[in-house]
Amino acid sequence: MAGVEFALTQEQEAIQRMVREFAEAEIRPVASYYDERQEFPHALFAKLGELGLLGILVPPDYGGAGLGYLEFALIVEELARICPAVALSVAAHNGLCTNHILRFGSEELKQRYLPDLATGRALGAWALTEPEAGSDAASLRTTARRKGDFYILNGTKSFTTHGGVGSIAVVMAMTNPSHGKHGISAFVVEKGMEGFIAGKRENKLGMRASDTTTLILENVCVPATNLIGAEGDGYRQALEILDGGRISIAALGVGLAQGAFEAALRYATERRQFGAPLVEFQAIQMKLARLSMEIEAARLLTYRAAWRRQRGASARLEAAQAKLFASELAVRAAEEAIQIFGGYGYIRDYPVEKLYRDAKLLTIGEGTSEIQRIVIARQLLHLYTLDGLT
């Protein structure tokens with residue numbers, strides 16, 4: 001019987017090391033600057049594009065790095081360890097818009113859009129959520145009406161990552177309202193198309209360097225060739241894309257928790273109270289021990305989901321489990337880090353305050369914790385039914 005291999009390959013270790021060195025040298029010095037100003041780091045993303053980190057999953061034929069989901073998770077984890085907002089934008093660009101076109105787009109759409117997305121010449125947005133359609137994505141109201149060789153899109157999208165700075169968006173719209181969720185279709189929409197504009201930029205608690213805006217579509221004329229797949233395929237496509245996206249958010253949670261843990265451990269080693277370093281007090285040791293254990297558990301869940309996804313196996317259950325556990329751990333880890341820092345943890349001069357603000361989004365975006373529990377329960381019931389256990 002073959003054993004389970006936990007070691008990374010030499011190539012994966014090299015990628016991990018390269019991203020960590022880049023994040024330490026290029027991102028750490030400016031993370032607070034972009035956070036304070038709520039400014040998207042265009043210069044950083046130009047460098048990320050040069051490193052091949054904006055086309056992680058895209059084959060070399062389209063200008064990408066041609067890597068797999070485990071490498072994707074490793075990259076996002078290392079970036080999140082330093083700046084979760086940068087990691088979020090990398091995850092969204094690679095895993096949502098770019099991956100949607102890669103997995104379901106026609107060859108014409110791939111040839112037209114993937115080279116620019118993979119190299120960072122264009123940033124991608126993915127527009128599903130609406131003011132009245134969040135967790136209940138099937139109730140979206142954006143419409144796409146066929147008119148000759150075009151579709152006319154009308155509606156409003158909310159909480160769109162890269163809605164302001166992106167130039168290519170995958171937009172979900174209703175082509176046949178009478179079919180409910182099976183009437184949803186996906187389209188590639190370009191900035192510059194008349195009537196397609198960015199609205200309000202959100203003033204967020206955390207992840208402030210990651211652009212989040214409203215998108216407005218007013219009689220946007222989109223070529224019929226920009227339909228991704230067939231009419232009515234959009235909802236199914238979105239679920240598949242979210243499975244992969246949840247793996248990247250899980251990796252983001254692991255990286256954020258790791259960054260919080262390392263900051264807390266470093267501070268507890270240096271800070272002295274009652275004549276001894278904090279790390280010598282049992283209460284602090286218990287916190288660090290638990291965080292270390294939970295981070296490794298989250299990492300294993302995430303890598304398992306990425307491994308299954310890369311093999312082409314269903315990872316809906318594993319992705320939901322990893323996303324739920326890692327995102328909620330990220331919140332706990334950041335909170336515990338602040339507790340270890342004490343009053344200094346509440347001050348913006350120290351890194352854990354930012355991690356605490358950044359962490360909360362992970363339990364909301366790409367499916368709330370409550371939705372993940374529903375997904376897990378449904379998958380378990382489905383599996384037990386298949387196995388004849390119910």
# chains A, B, ... in the order shown; residues from 1 in each chain; ligands from 1
>>> residues_around(residues="stretch 58-70 of chain A", least_positions_apart="6", cutoff="7 Å", atoms="only C-alpha atoms", output="PyMOL selection string")
chain A and resi 52+111+114-115+118-119+303+306-307+309-310
>>> closest_atom_pairs(of="stretch 13-124 of chain A", to="stretch 350-373 of chain A", cutoff="10 Å", atoms="only C-alpha atoms", output="Markdown table")
| residue | atom | partner | partner_atom | distance |
| --- | --- | --- | --- | --- |
| A:Arg28 | CA | A:Pro351 | CA | 9.9 |
| A:Ala31 | CA | A:Lys354 | CA | 9.5 |
| A:Ser32 | CA | A:Lys354 | CA | 8.1 |
| A:Asp35 | CA | A:Lys354 | CA | 8.3 |
| A:Glu36 | CA | A:Lys354 | CA | 9.8 |
| A:Ala80 | CA | A:Leu355 | CA | 9.4 |
| A:Arg81 | CA | A:Leu355 | CA | 9.3 |
| A:Ile82 | CA | A:Leu355 | CA | 9.1 |
| A:Cys83 | CA | A:Leu355 | CA | 8.0 |
| A:Pro84 | CA | A:Asp358 | CA | 6.6 |
| A:Ala85 | CA | A:Asp358 | CA | 7.2 |
| A:Leu88 | CA | A:Leu362 | CA | 9.4 |
| A:Ala92 | CA | A:Glu366 | CA | 9.8 |
>>> write_last_selection(atoms="all heavy atoms", output="tab-separated table (two decimals), in the first residue's frame")
chain	number	residue	atom	x	y	z
A	28	ARG	N	6.12	43.90	2.61
A	28	ARG	CA	6.11	44.29	4.02
A	28	ARG	C	6.40	45.78	4.24
A	28	ARG	O	5.71	46.43	5.03
A	28	ARG	CB	7.09	43.43	4.83
A	28	ARG	CG	6.93	43.64	6.33
A	28	ARG	CD	7.97	42.89	7.14
A	28	ARG	NE	7.80	41.44	7.17
A	28	ARG	CZ	6.95	40.81	7.96
A	28	ARG	NH1	6.16	41.49	8.78
A	28	ARG	NH2	6.88	39.49	7.93
A	31	ALA	N	3.04	47.74	3.11
A	31	ALA	CA	1.69	47.24	3.40
A	31	ALA	C	0.87	48.26	4.19
A	31	ALA	O	-0.30	48.50	3.88
A	31	ALA	CB	1.78	45.91	4.15
A	32	SER	N	1.46	48.85	5.22
A	32	SER	CA	0.73	49.83	6.03
A	32	SER	C	0.39	51.08	5.23
A	32	SER	O	-0.69	51.66	5.41
A	32	SER	CB	1.55	50.21	7.26
A	32	SER	OG	1.70	49.11	8.12
A	35	ASP	N	-2.62	50.32	3.11
A	35	ASP	CA	-3.76	50.11	3.98
A	35	ASP	C	-4.32	51.43	4.49
A	35	ASP	O	-5.52	51.68	4.44
A	35	ASP	CB	-3.35	49.22	5.16
A	35	ASP	CG	-4.48	49.03	6.16
A	35	ASP	OD1	-5.44	48.30	5.84
A	35	ASP	OD2	-4.42	49.63	7.25
A	36	GLU	N	-3.44	52.31	4.97
A	36	GLU	CA	-3.88	53.60	5.52
A	36	GLU	C	-4.59	54.43	4.46
A	36	GLU	O	-5.58	55.10	4.75
A	36	GLU	CB	-2.67	54.36	6.07
A	36	GLU	CG	-2.09	53.77	7.34
A	36	GLU	CD	-2.93	54.07	8.58
A	36	GLU	OE1	-3.83	54.92	8.49
A	36	GLU	OE2	-2.70	53.43	9.62
A	80	ALA	N	-0.29	36.18	2.06
A	80	ALA	CA	-1.17	36.54	3.17
A	80	ALA	C	-0.43	36.64	4.49
A	80	ALA	O	-0.84	37.37	5.39
A	80	ALA	CB	-2.30	35.52	3.29
A	81	ARG	N	0.66	35.92	4.62
A	81	ARG	CA	1.48	35.99	5.82
A	81	ARG	C	1.99	37.42	6.06
A	81	ARG	O	2.16	37.85	7.20
A	81	ARG	CB	2.65	35.02	5.67
A	81	ARG	CG	3.64	35.00	6.80
A	81	ARG	CD	4.70	33.93	6.56
A	81	ARG	NE	5.92	34.24	7.30
A	81	ARG	CZ	6.92	34.95	6.82
A	81	ARG	NH1	6.87	35.40	5.57
A	81	ARG	NH2	7.98	35.21	7.56
A	82	ILE	N	2.18	38.17	4.98
A	82	ILE	CA	2.68	39.53	5.06
A	82	ILE	C	1.56	40.56	4.88
A	82	ILE	O	1.44	41.50	5.66
A	82	ILE	CB	3.78	39.78	4.00
A	82	ILE	CG1	4.91	38.76	4.15
A	82	ILE	CG2	4.32	41.20	4.10
A	82	ILE	CD1	5.59	38.76	5.50
A	83	CYS	N	0.74	40.38	3.84
A	83	CYS	CA	-0.36	41.34	3.60
A	83	CYS	C	-1.56	40.61	3.01
A	83	CYS	O	-1.58	40.29	1.81
A	83	CYS	CB	0.08	42.45	2.64
A	83	CYS	SG	-1.24	43.67	2.36
A	84	PRO	N	-2.57	40.34	3.83
A	84	PRO	CA	-3.75	39.63	3.34
A	84	PRO	C	-4.47	40.35	2.21
A	84	PRO	O	-5.09	39.70	1.35
A	84	PRO	CB	-4.64	39.53	4.59
A	84	PRO	CG	-3.66	39.56	5.74
A	84	PRO	CD	-2.59	40.51	5.30
A	85	ALA	N	-4.40	41.68	2.16
A	85	ALA	CA	-5.10	42.41	1.11
A	85	ALA	C	-4.49	42.13	-0.25
A	85	ALA	O	-5.20	41.94	-1.25
A	85	ALA	CB	-5.07	43.92	1.40
A	88	LEU	N	-5.49	38.65	-1.18
A	88	LEU	CA	-6.88	38.58	-1.61
A	88	LEU	C	-7.02	38.97	-3.08
A	88	LEU	O	-7.73	38.31	-3.85
A	88	LEU	CB	-7.74	39.50	-0.75
A	88	LEU	CG	-9.22	39.58	-1.13
A	88	LEU	CD1	-9.91	38.24	-0.91
A	88	LEU	CD2	-9.93	40.67	-0.34
A	92	ALA	N	-8.30	36.53	-6.00
A	92	ALA	CA	-9.49	36.84	-6.78
A	92	ALA	C	-9.18	36.93	-8.28
A	92	ALA	O	-9.93	36.42	-9.11
A	92	ALA	CB	-10.10	38.16	-6.30
>>> residues_around(residues="A:Phe40", least_positions_apart="4", cutoff="8 Å", atoms="only C-alpha atoms", output="NGL selection string")
:A and (34 or 165 or 209-211)
>>> write_last_selection(atoms="N, CA, C and O atoms", output="mmCIF file, in the first residue's frame")
data_model
loop_
_atom_site.group_PDB
_atom_site.id
_atom_site.type_symbol
_atom_site.label_atom_id
_atom_site.label_comp_id
_atom_site.auth_asym_id
_atom_site.auth_seq_id
_atom_site.Cartn_x
_atom_site.Cartn_y
_atom_site.Cartn_z
ATOM 1 N N TYR A 34 -0.317 51.386 1.963
ATOM 2 C CA TYR A 34 -1.487 51.171 1.115
ATOM 3 C C TYR A 34 -2.753 50.964 1.944
ATOM 4 O O TYR A 34 -3.853 51.357 1.533
ATOM 5 N N VAL A 165 -10.447 48.954 -10.462
ATOM 6 C CA VAL A 165 -9.136 48.918 -11.130
ATOM 7 C C VAL A 165 -9.067 47.862 -12.237
ATOM 8 O O VAL A 165 -8.139 47.877 -13.049
ATOM 9 N N ALA A 209 -6.319 47.628 0.900
ATOM 10 C CA ALA A 209 -5.536 47.798 -0.323
ATOM 11 C C ALA A 209 -6.097 46.987 -1.483
ATOM 12 O O ALA A 209 -5.600 47.091 -2.606
ATOM 13 N N SER A 210 -7.102 46.185 -1.236
ATOM 14 C CA SER A 210 -7.769 45.421 -2.280
ATOM 15 C C SER A 210 -9.016 46.185 -2.716
ATOM 16 O O SER A 210 -9.901 46.443 -1.899
ATOM 17 N N ASP A 211 -9.066 46.559 -3.971
ATOM 18 C CA ASP A 211 -10.137 47.397 -4.497
ATOM 19 C C ASP A 211 -11.485 46.669 -4.482
ATOM 20 O O ASP A 211 -11.607 45.546 -4.984
#
>>> atom_distance(atom1="atom CA of A:Phe72", atom2="atom CA of A:Gly255")
12.5 Å
>>> select_by_dssp(residues="stretch 24-214 of chain A", states="strand (DSSP E or B)", output="PyMOL selection string")
chain A and resi 124-127+130+133+143-147+150-161+168-174+184-190+196-201+212-214
>>> residues_around(residues="A:Val76", least_positions_apart="3", cutoff="7 Å", atoms="only C-alpha atoms", output="number ranges by chain")
A: 72-73, 79-80, 87, 91, 248, 251-252
